[in-house]
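Novice: For reference, the file data23.cif (mmCIF, C-alpha atoms and all ligand atoms) is included below:
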data_run
loop_
_atom_site.label_atom_id
_atom_site.label_comp_id
_atom_site.auth_asym_id
_atom_site.auth_seq_id
_atom_site.Cartn_x
_atom_site.Cartn_y
_atom_site.Cartn_z
CA MET H 29 150.55 151.07 268.62
CA ALA H 30 153.94 149.35 268.50
CA ARG H 31 154.20 146.26 266.34
CA SER H 32 154.18 142.90 268.07
CA LYS H 33 157.44 141.00 268.21
CA ILE H 34 157.47 137.37 267.11
CA ALA H 35 160.48 135.24 267.97
CA LEU H 36 161.07 131.98 266.10
CA ILE H 37 163.44 129.57 267.82
CA GLY H 38 164.63 127.33 265.01
CA ALA H 39 165.05 128.64 261.48
CA GLY H 40 164.68 125.35 259.62
CA GLN H 41 161.87 124.29 257.32
CA ILE H 42 159.03 125.24 259.68
CA GLY H 43 160.82 128.27 261.14
CA GLY H 44 161.39 129.80 257.72
CA THR H 45 157.76 129.20 256.72
CA LEU H 46 156.56 130.72 260.00
CA ALA H 47 158.59 133.87 259.25
CA LEU H 48 157.13 134.08 255.75
CA LEU H 49 153.54 133.62 256.94
CA ALA H 50 153.96 136.03 259.88
CA GLY H 51 155.23 138.63 257.39
CA LEU H 52 152.50 138.03 254.80
CA LYS H 53 149.86 138.35 257.54
CA GLU H 54 151.60 141.41 259.06
CA LEU H 55 151.44 139.85 262.51
CA GLY H 56 154.47 141.82 263.65
CA ASP H 57 158.26 142.07 263.44
CA VAL H 58 160.05 138.74 263.31
CA VAL H 59 163.31 137.48 264.80
CA LEU H 60 164.53 134.14 263.46
CA PHE H 61 166.93 132.48 265.89
CA ASP H 62 168.96 129.34 265.18
CA ALA H 63 172.09 127.63 266.46
CA ALA H 64 173.36 127.33 262.87
CA GLU H 65 175.31 130.44 261.89
CA GLY H 66 174.14 132.28 258.79
CA VAL H 67 170.93 130.26 258.33
CA PRO H 68 168.56 132.58 260.23
CA GLN H 69 170.27 135.66 258.78
CA GLY H 70 170.04 134.27 255.24
CA LYS H 71 166.38 133.28 255.52
CA ALA H 72 165.48 136.58 257.20
CA LEU H 73 167.16 138.61 254.44
CA ASP H 74 165.48 136.55 251.71
CA ILE H 75 162.04 137.15 253.27
CA ALA H 76 162.78 140.85 253.93
CA GLU H 77 163.58 141.19 250.20
CA LEU H 78 160.24 139.57 249.38
CA ALA H 79 158.34 142.13 251.48
CA PRO H 80 158.36 144.92 248.84
CA LEU H 81 156.88 142.45 246.33
CA GLU H 82 154.11 141.28 248.62
CA GLY H 83 153.69 144.74 250.16
CA PHE H 84 154.01 144.00 253.85
CA ASP H 85 155.77 145.99 256.53
CA ALA H 86 157.63 143.86 259.02
CA ARG H 87 161.24 143.79 260.15
CA ILE H 88 162.62 140.30 259.65
CA LEU H 89 165.97 139.69 261.35
CA GLY H 90 168.15 136.64 261.92
CA ALA H 91 170.19 135.92 265.04
CA ASN H 92 172.39 133.37 266.79
CA SER H 93 172.13 134.72 270.32
CA TYR H 94 169.14 134.63 272.63
CA ASP H 95 169.25 138.33 273.53
CA ALA H 96 167.72 138.99 270.09
CA ILE H 97 164.38 137.56 271.28
CA GLU H 98 164.20 140.03 274.17
CA GLY H 99 160.67 141.26 274.88
CA ALA H 100 159.00 138.97 272.34
CA ASP H 101 155.19 138.78 272.54
CA VAL H 102 155.05 135.37 270.90
CA VAL H 103 157.73 132.68 270.73
CA MET H 104 157.33 129.70 268.42
CA VAL H 105 159.72 126.83 269.00
CA THR H 106 160.81 124.43 266.24
CA ALA H 107 164.44 123.99 267.32
CA GLY H 108 165.59 120.41 267.28
CA VAL H 109 165.74 117.52 264.88
CA PRO H 110 162.82 116.48 262.67
CA ARG H 111 161.77 112.91 261.97
CA LYS H 112 163.57 111.00 259.27
CA GLN H 113 162.08 108.04 257.39
CA GLY H 114 161.56 105.06 259.69
CA MET H 115 162.02 107.21 262.79
CA SER H 116 159.10 107.66 265.19
CA ARG H 117 158.38 110.94 266.93
CA ASP H 118 159.45 109.23 270.12
CA ASP H 119 162.94 108.46 268.77
CA LEU H 120 163.50 112.19 268.71
CA LEU H 121 162.91 112.53 272.42
CA ALA H 122 166.42 112.31 273.81
CA ILE H 123 167.95 114.75 271.32
CA ASN H 124 165.17 117.29 271.42
CA LEU H 125 164.83 117.22 275.20
CA ARG H 126 168.32 118.69 275.54
CA VAL H 127 167.41 121.34 273.00
CA MET H 128 164.31 122.26 275.08
CA GLU H 129 166.54 122.81 278.10
CA GLN H 130 168.54 125.48 276.25
CA VAL H 131 165.47 127.01 274.62
CA GLY H 132 163.55 127.11 277.92
CA ALA H 133 166.41 128.94 279.61
CA GLY H 134 166.60 131.45 276.75
CA ILE H 135 162.87 132.17 276.83
CA GLY H 136 162.82 132.40 280.63
CA LYS H 137 165.62 134.96 280.56
CA TYR H 138 164.68 137.11 277.57
CA ALA H 139 160.96 136.65 276.90
CA PRO H 140 159.28 135.80 280.21
CA ASP H 141 156.05 137.60 279.22
CA ALA H 142 155.61 135.80 275.90
CA PHE H 143 152.95 133.38 274.71
CA VAL H 144 154.93 130.31 273.72
CA ILE H 145 153.90 127.77 271.08
CA CYS H 146 156.00 124.61 270.96
CA ILE H 147 156.09 122.58 267.73
CA THR H 148 159.16 120.42 268.35
CA ASN H 149 158.41 116.68 268.54
CA PRO H 150 157.57 114.52 270.40
CA LEU H 151 155.19 117.37 270.98
CA ASP H 152 153.32 116.62 274.20
CA ALA H 153 156.49 115.72 276.12
CA MET H 154 158.58 118.57 274.67
CA VAL H 155 156.02 121.24 275.56
CA TRP H 156 155.79 119.81 279.10
CA ALA H 157 159.58 120.01 279.53
CA LEU H 158 159.77 123.42 277.85
CA GLN H 159 157.23 124.88 280.26
CA ARG H 160 159.21 123.51 283.20
CA TRP H 161 162.54 124.80 281.94
CA SER H 162 161.21 128.21 280.88
CA GLY H 163 159.52 128.85 284.22
CA LEU H 164 156.64 130.58 282.39
CA PRO H 165 153.11 129.99 283.71
CA PRO H 166 151.46 126.95 282.06
CA HIS H 167 148.61 128.98 280.54
CA ARG H 168 151.19 130.82 278.41
CA VAL H 169 152.95 127.72 277.07
CA VAL H 170 151.06 125.51 274.58
CA GLY H 171 151.82 122.89 271.99
CA MET H 172 150.65 122.89 268.37
CA ALA H 173 149.37 119.57 267.05
CA GLY H 174 145.57 119.37 267.03
CA VAL H 175 145.14 122.31 264.64
CA LEU H 176 147.37 120.50 262.13
CA ASP H 177 145.81 117.08 262.68
CA GLY H 178 142.37 118.69 262.42
CA ALA H 179 143.33 120.48 259.19
CA ARG H 180 144.47 117.17 257.69
CA LEU H 181 141.18 115.52 258.59
CA ARG H 182 139.25 118.54 257.26
CA TYR H 183 141.05 118.18 253.94
CA PHE H 184 140.30 114.44 253.72
CA LEU H 185 136.63 115.01 254.56
CA ALA H 186 136.31 117.88 252.07
CA GLU H 187 137.79 115.67 249.32
CA GLU H 188 135.46 112.81 250.26
CA PHE H 189 132.35 115.01 250.11
CA ASP H 190 133.56 117.27 247.27
CA VAL H 191 132.81 120.40 249.31
CA SER H 192 134.88 123.42 250.34
CA VAL H 193 137.47 122.81 253.05
CA GLU H 194 136.13 126.01 254.62
CA ASP H 195 132.83 124.35 255.51
CA VAL H 196 134.38 121.33 257.19
CA THR H 197 135.25 121.36 260.88
CA ALA H 198 137.15 118.56 262.54
CA PHE H 199 137.86 117.62 266.09
CA VAL H 200 140.96 115.81 267.32
CA LEU H 201 141.78 115.01 270.93
CA GLY H 202 144.73 113.45 272.72
CA GLY H 203 148.46 113.32 272.19
CA HIS H 204 150.15 114.00 268.85
CA GLY H 205 151.02 110.42 267.98
CA ALA H 206 149.66 107.22 266.53
CA ALA H 207 147.08 107.12 269.33
CA MET H 208 145.57 110.57 268.63
CA VAL H 209 141.76 110.59 268.83
CA PRO H 210 139.85 112.13 265.90
CA LEU H 211 136.19 112.29 266.96
CA MET H 212 133.80 112.05 264.00
CA ARG H 213 130.84 112.83 266.26
CA TYR H 214 132.20 116.36 266.60
CA CYS H 215 133.20 116.82 262.94
CA THR H 216 130.74 118.75 260.77
CA VAL H 217 130.13 119.82 257.18
CA GLY H 218 128.27 123.12 257.02
CA GLY H 219 127.09 122.40 260.57
CA ILE H 220 125.83 118.88 259.75
CA PRO H 221 127.48 116.25 261.97
CA VAL H 222 129.47 113.73 259.92
CA PRO H 223 127.60 110.70 261.38
CA ASP H 224 124.39 112.22 259.93
CA LEU H 225 126.08 112.33 256.53
CA VAL H 226 126.79 108.61 256.83
CA ARG H 227 123.07 108.03 257.45
CA MET H 228 122.32 110.26 254.43
CA GLY H 229 124.51 107.98 252.28
CA TRP H 230 127.32 110.50 251.64
CA THR H 231 129.97 108.08 252.85
CA SER H 232 130.39 104.88 254.85
CA GLU H 233 131.74 104.01 258.29
CA GLU H 234 134.57 102.10 256.58
CA ARG H 235 135.66 105.13 254.57
CA LEU H 236 135.52 107.31 257.68
CA ALA H 237 137.70 104.81 259.55
CA ALA H 238 140.23 104.97 256.70
CA MET H 239 140.29 108.79 256.99
CA VAL H 240 140.88 108.56 260.73
CA GLU H 241 143.84 106.24 260.08
CA ARG H 242 145.20 108.53 257.39
CA THR H 243 144.98 111.46 259.81
CA ARG H 244 146.87 109.50 262.47
CA ASP H 245 149.56 108.67 259.89
CA GLY H 246 149.45 112.13 258.31
CA GLY H 247 152.99 113.07 259.30
CA ALA H 248 154.49 109.72 258.29
CA GLU H 249 152.73 109.85 254.90
CA ILE H 250 154.57 113.06 254.06
CA VAL H 251 157.90 111.84 255.48
CA THR H 252 157.63 108.78 253.19
CA LEU H 253 156.88 110.93 250.13
CA LEU H 254 159.62 113.48 250.79
CA ARG H 255 162.23 110.86 251.74
CA THR H 256 164.36 113.60 253.31
CA GLY H 257 162.50 115.92 255.64
CA ALA H 258 159.01 116.19 257.07
CA ALA H 259 155.87 118.30 256.62
CA PHE H 260 156.38 122.01 257.16
CA TYR H 261 153.86 124.15 255.27
CA ALA H 262 150.73 122.98 257.10
CA PRO H 263 152.47 122.71 260.50
CA ALA H 264 153.63 126.32 260.15
CA ALA H 265 150.17 127.55 259.10
CA ALA H 266 148.62 125.76 262.08
CA ALA H 267 150.98 127.45 264.54
CA ILE H 268 150.39 130.83 262.89
CA ALA H 269 146.63 130.39 263.44
CA MET H 270 147.30 129.91 267.16
CA ALA H 271 149.68 132.90 267.33
CA GLU H 272 147.14 135.08 265.52
CA SER H 273 144.38 134.08 267.93
CA HIS H 274 146.58 135.25 270.80
CA LEU H 275 147.92 138.45 269.20
CA LYS H 276 144.48 139.61 268.01
CA ASP H 277 142.67 138.27 271.08
CA LYS H 278 140.40 136.34 268.73
CA LYS H 279 139.56 133.77 271.41
CA ARG H 280 139.41 130.95 268.89
CA LEU H 281 138.37 127.58 270.25
CA MET H 282 141.00 125.24 268.88
CA PRO H 283 142.60 121.96 269.83
CA ALA H 284 145.92 122.59 271.57
CA ALA H 285 148.30 120.67 273.80
CA VAL H 286 147.59 122.47 277.07
CA TYR H 287 148.59 121.94 280.68
CA LEU H 288 145.86 120.08 282.56
CA SER H 289 145.34 120.55 286.25
CA GLY H 290 142.30 118.38 286.92
CA GLU H 291 140.43 118.71 283.60
CA TYR H 292 139.58 115.32 282.07
CA GLY H 293 140.68 113.86 285.41
CA LEU H 294 144.34 114.55 284.55
CA LYS H 295 147.03 116.51 286.34
CA ASP H 296 150.49 117.84 285.46
CA ILE H 297 150.42 116.70 281.87
CA TYR H 298 150.15 118.37 278.47
CA VAL H 299 147.69 116.75 276.12
CA GLY H 300 145.56 117.89 273.21
CA VAL H 301 142.11 119.16 274.18
CA PRO H 302 139.89 122.01 272.94
CA ALA H 303 140.94 125.36 274.41
CA VAL H 304 140.12 129.05 273.97
CA ILE H 305 143.25 131.00 272.98
CA GLY H 306 143.23 134.74 273.50
CA ALA H 307 145.34 137.63 274.75
CA ARG H 308 145.85 135.95 278.13
CA GLY H 309 147.03 132.71 276.53
CA VAL H 310 144.93 129.63 277.28
CA GLU H 311 141.80 131.30 278.61
CA ARG H 312 139.62 128.23 278.98
CA VAL H 313 140.03 124.48 278.71
CA VAL H 314 136.89 122.89 277.30
CA GLU H 315 135.82 119.53 278.72
CA VAL H 316 133.60 117.66 276.26
CA ASP H 317 131.61 114.56 277.12
CA LEU H 318 133.21 111.38 275.92
CA ASP H 319 131.34 108.12 275.54
CA ARG H 320 132.90 104.91 276.80
CA ALA H 321 134.73 104.05 273.55
CA GLU H 322 136.01 107.62 273.10
CA ARG H 323 137.18 107.76 276.71
CA ALA H 324 139.07 104.47 276.19
CA MET H 325 140.81 105.88 273.10
CA PHE H 326 141.63 109.11 274.93
CA GLU H 327 143.07 107.18 277.88
CA LYS H 328 145.24 105.12 275.52
CA SER H 329 146.56 108.32 273.97
CA VAL H 330 147.21 109.87 277.39
CA ALA H 331 149.08 106.69 278.43
CA ALA H 332 151.37 107.14 275.40
CA VAL H 333 152.09 110.73 276.50
CA GLU H 334 152.75 109.55 280.08
CA THR H 335 155.33 107.08 278.72
CA LEU H 336 157.10 109.94 276.95
CA VAL H 337 157.08 112.12 280.06
CA ASP H 338 158.52 109.22 282.07
CA ALA H 339 161.27 108.88 279.45
CA CYS H 340 162.03 112.60 279.87
CA LEU H 341 162.24 112.16 283.63
CA LYS H 342 164.72 109.31 283.22
CA ILE H 343 166.98 111.54 281.12
CA ALA H 344 166.42 114.68 283.20
CA PRO H 345 165.25 113.72 286.71
CA GLY H 346 165.60 117.35 287.74
CA LEU H 347 162.42 118.13 285.85
CA GLY H 348 160.56 116.56 288.78
CA ARG H 349 156.90 115.70 288.95
P1 LIG O 1 164.48 121.52 260.65
O1 LIG O 1 164.27 122.04 259.27
O2 LIG O 1 165.57 120.54 260.86
O3 LIG O 1 164.72 122.78 261.61
C1 LIG O 1 165.13 122.63 262.92
C2 LIG O 1 166.12 123.75 263.20
O4 LIG O 1 166.46 123.70 264.58
C3 LIG O 1 167.42 123.64 262.40
O5 LIG O 1 167.61 124.81 261.62
C4 LIG O 1 168.48 123.50 263.47
O6 LIG O 1 169.71 124.18 263.16
C5 LIG O 1 167.80 124.13 264.68
N1 LIG O 1 168.35 123.72 265.95
C6 LIG O 1 168.76 122.48 266.34
N2 LIG O 1 169.20 122.51 267.60
C7 LIG O 1 169.08 123.80 268.03
C8 LIG O 1 169.37 124.46 269.24
N3 LIG O 1 169.88 123.80 270.28
N4 LIG O 1 169.10 125.78 269.33
C9 LIG O 1 168.58 126.46 268.28
N5 LIG O 1 168.31 125.88 267.10
C10 LIG O 1 168.54 124.56 266.98
O7 LIG O 1 163.13 120.89 261.22
P2 LIG O 1 161.61 121.32 260.89
O8 LIG O 1 161.51 122.80 260.89
O9 LIG O 1 161.14 120.55 259.71
O10 LIG O 1 160.86 120.70 262.17
C11 LIG O 1 161.08 121.24 263.45
C12 LIG O 1 160.43 120.39 264.53
O11 LIG O 1 159.02 120.40 264.38
C13 LIG O 1 160.83 118.91 264.52
O12 LIG O 1 161.05 118.46 265.85
C14 LIG O 1 159.62 118.22 263.93
O13 LIG O 1 159.52 116.87 264.32
C15 LIG O 1 158.52 119.07 264.50
N6 LIG O 1 157.21 118.97 263.83
C16 LIG O 1 156.11 118.94 264.62
C17 LIG O 1 154.86 118.86 264.06
C18 LIG O 1 153.65 118.82 264.94
O14 LIG O 1 152.54 118.75 264.46
C19 LIG O 1 153.80 118.86 266.38
C20 LIG O 1 154.71 118.80 262.66
C21 LIG O 1 155.85 118.83 261.89
C22 LIG O 1 157.11 118.93 262.48
#
Spit out the file's structure as structure tokens when you get a sec.
Specialist:
Amino acid sequence: MARSKIALIGAGQIGGTLALLAGLKELGDVVLFDAAEGVPQGKALDIAELAPLEGFDARILGANSYDAIEGADVVMVTAGVPRKQGMSRDDLLAINLRVMEQVGAGIGKYAPDAFVICITNPLDAMVWALQRWSGLPPHRVVGMAGVLDGARLRYFLAEEFDVSVEDVTAFVLGGHGAAMVPLMRYCTVGGIPVPDLVRMGWTSEERLAAMVERTRDGGAEIVTLLRTGAAFYAPAAAAIAMAESHLKDKKRLMPAAVYLSGEYGLKDIYVGVPAVIGARGVERVVEVDLDRAERAMFEKSVAAVETLVDACLKIAPGLGR
């Protein structure tokens, strides 16, 4: 069986980490593409020289032209500008929207059969525009956010309870922004719902609320610490988990920014909801029951995404709606 081909559009902090993780996990051959000359080639060579030490077989190449991604099975998009201190994800919109136009055209021309995972922020609006500009079917274009936000919450919960991160599941809905909706009711530790653990005296509602806030601010917390740059290890690992679920047809049920056409009462919008990811891309969108308060939070988050999409349409009316 031929090896899968993984194209990485953007060879910056996340792109380089994606290439390293894809190699270590032997997910396939990797092409790192970037507008900056020398950067993808340099990172690719560095990782290729690491392969004998870690013992993996994967071709890792760098490129500055889109034809290098031809026939890719998976494309992961990080091209654009990351957040700097004091900058919101939304400030990035105008710059990164133009980048999505170029990237969408490149994917549409050279990798029309790929499963595409967008990571560029502001995530929910960028993946919406990328799908439009690529012309790929919506079930093969998704955004990565919920897996990362969920991993952050899992880490905070595991620390709180002093248990293995492996035994903690977390559930995050909505857009990737300050209004994201972590749902404690659907978070578990070894299968025990977190609200039960509050009743058992393991933690308090106040401490849970603080963890929800910390999850919402998870990206900004790291931007503040790093001063220059943003999180990249965990974002890359989250996207790799999604790519792996597709390439190995694992059918993992994970939160992803997916195109909604009626689910949750929403149409023509990308927003984070639970979805099954397998060989065919998004194979199922899962609609969970939301109580009144949860629905209100979800609607607030969706409204924030709508505002971003409207901003995209002002800049690029041709995207249409
Ligand atoms: P960075 O290290 O700056 O890498 C971005 C790369 O994109 C650079 O190497 C640029 O040269 C390249 N680039 C810029 N414009 C183009 C273009 N037109 N064509 C090809 N390449 C181009 O950033 P990063 O890797 O730290 O972050 C990448 C993106 O991911 C940013 O938009 C972040 O905000 C976003 N991000 C999203 C999450 C989510 O959870 C959704 C988390 C962390 C970062």
Novice: State, in Å with one decimal place, the distance from atom CA of Gly83 of chain H to atom CA of Asp62 of chain H.
Specialist: 26.4 Å
Novice: Would you mind listing what lies within 10 Å of Gly348 of chain H as a ChimeraX atom specification, with all atoms listed in the file counted and same-chain residues fewer than 5 positions away left out?
Specialist: /H:157,160,340-341
Novice: Taking all atoms listed in the file into account, name the residue in H:Ser192, H:Ser329, H:Thr216, H:Thr256 that is nearest to ligand LIG 1 (chain O).
Specialist: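 Checking each candidate against ligand LIG 1 (chain O), we get H:Thr256 as the closest.
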Novice: Counting all atoms listed in the file, which residue out of H:Ala266, H:Ala179, H:Val131, H:Leu211 sits closest to Pro223 of chain H?
Specialist: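 When distances to Pro223 of chain H are compared using all atoms listed in the file, the smallest one comes from H:Leu211.
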Novice: Kindly list the centre and edge lengths in Å, rounded to one decimal, for the axis-aligned box that covers all listed atoms of ligand LIG 1 (chain O) plus 6 Å on each of its six sides, as JSON.
Specialist:
{"center_x": 161.2, "center_y": 121.7, "center_z": 264.8, "size_x": 29.3, "size_y": 21.6, "size_z": 23.0}
Novice: Just to confirm, what's the straight-line distance from atom CA of Met104 of chain H to atom CA of Ile250 of chain H in Å (one decimal)?
Specialist: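 If I compute the distance from atom CA of Met104 of chain H to atom CA of Ile250 of chain H, I get 22.2 Å.
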Novice: Report, in Å to a single decimal, how far apart atom C4 of ligand LIG 1 (chain O) and atom CA of Gly108 of chain H are.
Specialist: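 Separation of atom CA of Gly108 of chain H and atom C4 of ligand LIG 1 (chain O): 5.7 Å.
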Novice: Which is closer to Asp119 of chain H than all the others in H:Glu98, H:Pro150, H:Val240, H:Gly290, using only C-alpha atoms?
Specialist: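 The closest residue to Asp119 of chain H is H:Pro150.
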Novice: List all protein, DNA and RNA residues that have an atom no more than 6 Å from any atom of ligand LIG 1 (chain O), counting only C-alpha atoms and all ligand atoms, and report them as a ChimeraX atom specification.
Specialist: /H:38-43,62-64,106-111,127,147-149,151,172-173,176,258-260,263
Novice: Find, counting all atoms listed in the file, the residue in H:Arg320, H:Arg255, H:Arg349, H:Lys53 that gets nearest to Lys295 of chain H.
Specialist: H:Arg349
Novice: Nearest to Phe143 of chain H among H:His204, H:Arg308, H:Lys276, H:Lys112, with distances taken over only C-alpha atoms: which residue is it?
Specialist: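 Smallest distance to Phe143 of chain H is found for H:Arg308.
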Novice: Considering all atoms listed in the file, return as an MDAnalysis selection string whatever protein or nucleic-acid residues lie within 12 Å of segment 224-229 of chain H, sequence-local ones (same chain, fewer than 2 positions apart) excluded.
Specialist: chainID H and resid 185 188:189 212:222 231:237
Novice: Please provide the set of residues having any atom within 12 Å of Tyr138 of chain H, restricted to all atoms listed in the file, with same-chain residues fewer than 6 positions apart removed, written as a list of chain:residue names.
Specialist: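 The contact residues come out as H:Ala35, H:Ser93, H:Tyr94, H:Asp95, H:Ala96, H:Ile97, H:Glu98, H:Gly99, H:Ala100, H:Asp101, H:Val102, H:Val103, H:Val131, H:Gly132, H:Ser162, H:Gly163, H:Leu164.
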Novice: Name the closest residue to Thr252 of chain H among the candidates H:Gly202, H:Pro68, H:Gly114, H:Pro166; distances are taken between atoms, counting all atoms listed in the file.
Specialist: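 Checking each candidate against Thr252 of chain H, we get H:Gly114 as the closest.
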Novice: Give me the residues within 10 Å of Met239 of chain H as a PDB file with C-alpha atoms, in the frame of the given file, counting all atoms listed in the file and dropping any in the same chain fewer than 6 places off.
Specialist:
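As written to disk, around-v4.pdb reads:
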ATOM      1  CA  ARG H 180     144.470 117.170 257.690  1.00  0.00           C
ATOM      2  CA  LEU H 181     141.180 115.520 258.590  1.00  0.00           C
ATOM      3  CA  ARG H 182     139.250 118.540 257.260  1.00  0.00           C
ATOM      4  CA  TYR H 183     141.050 118.180 253.940  1.00  0.00           C
ATOM      5  CA  PHE H 184     140.300 114.440 253.720  1.00  0.00           C
ATOM      6  CA  LEU H 185     136.630 115.010 254.560  1.00  0.00           C
ATOM      7  CA  GLU H 188     135.460 112.810 250.260  1.00  0.00           C
ATOM      8  CA  PRO H 210     139.850 112.130 265.900  1.00  0.00           C
ATOM      9  CA  GLU H 233     131.740 104.010 258.290  1.00  0.00           C
ATOM     10  CA  ASP H 245     149.560 108.670 259.890  1.00  0.00           C
ATOM     11  CA  GLY H 246     149.450 112.130 258.310  1.00  0.00           C
TER      12      GLY H 246
END
Novice: Name the residues in contact with Val330 of chain H at a cut-off of 8 Å, using all atoms listed in the file, excluding same-chain residues fewer than 2 positions from it; report them as a VMD selection string.
Specialist: chain H and resid 202 to 203 299 326 to 328 332 to 334
Novice: Quick one: residues within 10 Å of (154.7, 138.0, 256.2) (file frame), counting all atoms listed in the file, please, as a list of chain:residue names.
Specialist: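 These residues have at least one counted atom within 10 Å: H:Thr45, H:Leu46, H:Ala47, H:Leu48, H:Leu49, H:Ala50, H:Gly51, H:Leu52, H:Lys53, H:Glu54, H:Leu55, H:Gly56, H:Asp57, H:Val58, H:Ile75, H:Ala76, H:Leu78, H:Ala79, H:Glu82, H:Gly83, H:Phe84, H:Asp85, H:Ala86, H:Arg87, H:Ile88.
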Novice: Add whatever atoms are absent from segment 118-124 of chain H to reach all heavy atoms, and provide the output as a tab-separated table (two decimals), in the frame of the given file.
Specialist:
chain	number	residue	atom	x	y	z
H	118	ASP	N	158.88	109.52	268.81
H	118	ASP	CA	159.45	109.23	270.12
H	118	ASP	C	160.98	109.08	270.07
H	118	ASP	O	161.68	109.37	271.04
H	118	ASP	CB	158.81	107.97	270.70
H	118	ASP	CG	157.29	108.06	270.68
H	118	ASP	OD1	156.78	109.13	270.28
H	118	ASP	OD2	156.64	107.08	271.06
H	119	ASP	N	161.48	108.61	268.91
H	119	ASP	CA	162.94	108.46	268.77
H	119	ASP	C	163.65	109.81	268.93
H	119	ASP	O	164.82	109.88	269.26
H	119	ASP	CB	163.30	107.90	267.38
H	119	ASP	CG	162.77	106.50	267.17
H	119	ASP	OD1	162.58	105.79	268.18
H	119	ASP	OD2	162.55	106.12	266.01
H	120	LEU	N	162.91	110.84	268.65
H	120	LEU	CA	163.50	112.19	268.71
H	120	LEU	C	163.69	112.68	270.13
H	120	LEU	O	164.39	113.65	270.37
H	120	LEU	CB	162.56	113.20	268.04
H	120	LEU	CG	162.21	113.02	266.59
H	120	LEU	CD1	161.21	114.09	266.17
H	120	LEU	CD2	163.47	113.16	265.76
H	121	LEU	N	163.04	111.99	271.06
H	121	LEU	CA	162.91	112.53	272.42
H	121	LEU	C	164.23	112.94	273.06
H	121	LEU	O	164.38	114.07	273.52
H	121	LEU	CB	162.18	111.51	273.30
H	121	LEU	CG	161.89	111.99	274.72
H	121	LEU	CD1	160.45	111.70	275.10
H	121	LEU	CD2	162.82	111.35	275.72
H	122	ALA	N	165.19	112.03	273.07
H	122	ALA	CA	166.42	112.31	273.81
H	122	ALA	C	167.16	113.52	273.26
H	122	ALA	O	167.61	114.39	274.03
H	122	ALA	CB	167.31	111.08	273.78
H	123	ILE	N	167.23	113.61	271.93
H	123	ILE	CA	167.95	114.75	271.32
H	123	ILE	C	167.21	116.05	271.61
H	123	ILE	O	167.79	117.03	272.07
H	123	ILE	CB	168.06	114.57	269.78
H	123	ILE	CG1	168.68	113.21	269.43
H	123	ILE	CG2	168.82	115.72	269.15
H	123	ILE	CD1	168.58	112.85	267.95
H	124	ASN	N	165.91	116.04	271.33
H	124	ASN	CA	165.17	117.29	271.42
H	124	ASN	C	164.94	117.76	272.86
H	124	ASN	O	164.76	118.95	273.11
H	124	ASN	CB	163.86	117.18	270.64
H	124	ASN	CG	164.11	117.19	269.14
H	124	ASN	OD1	165.22	117.46	268.70
H	124	ASN	ND2	163.09	116.91	268.35
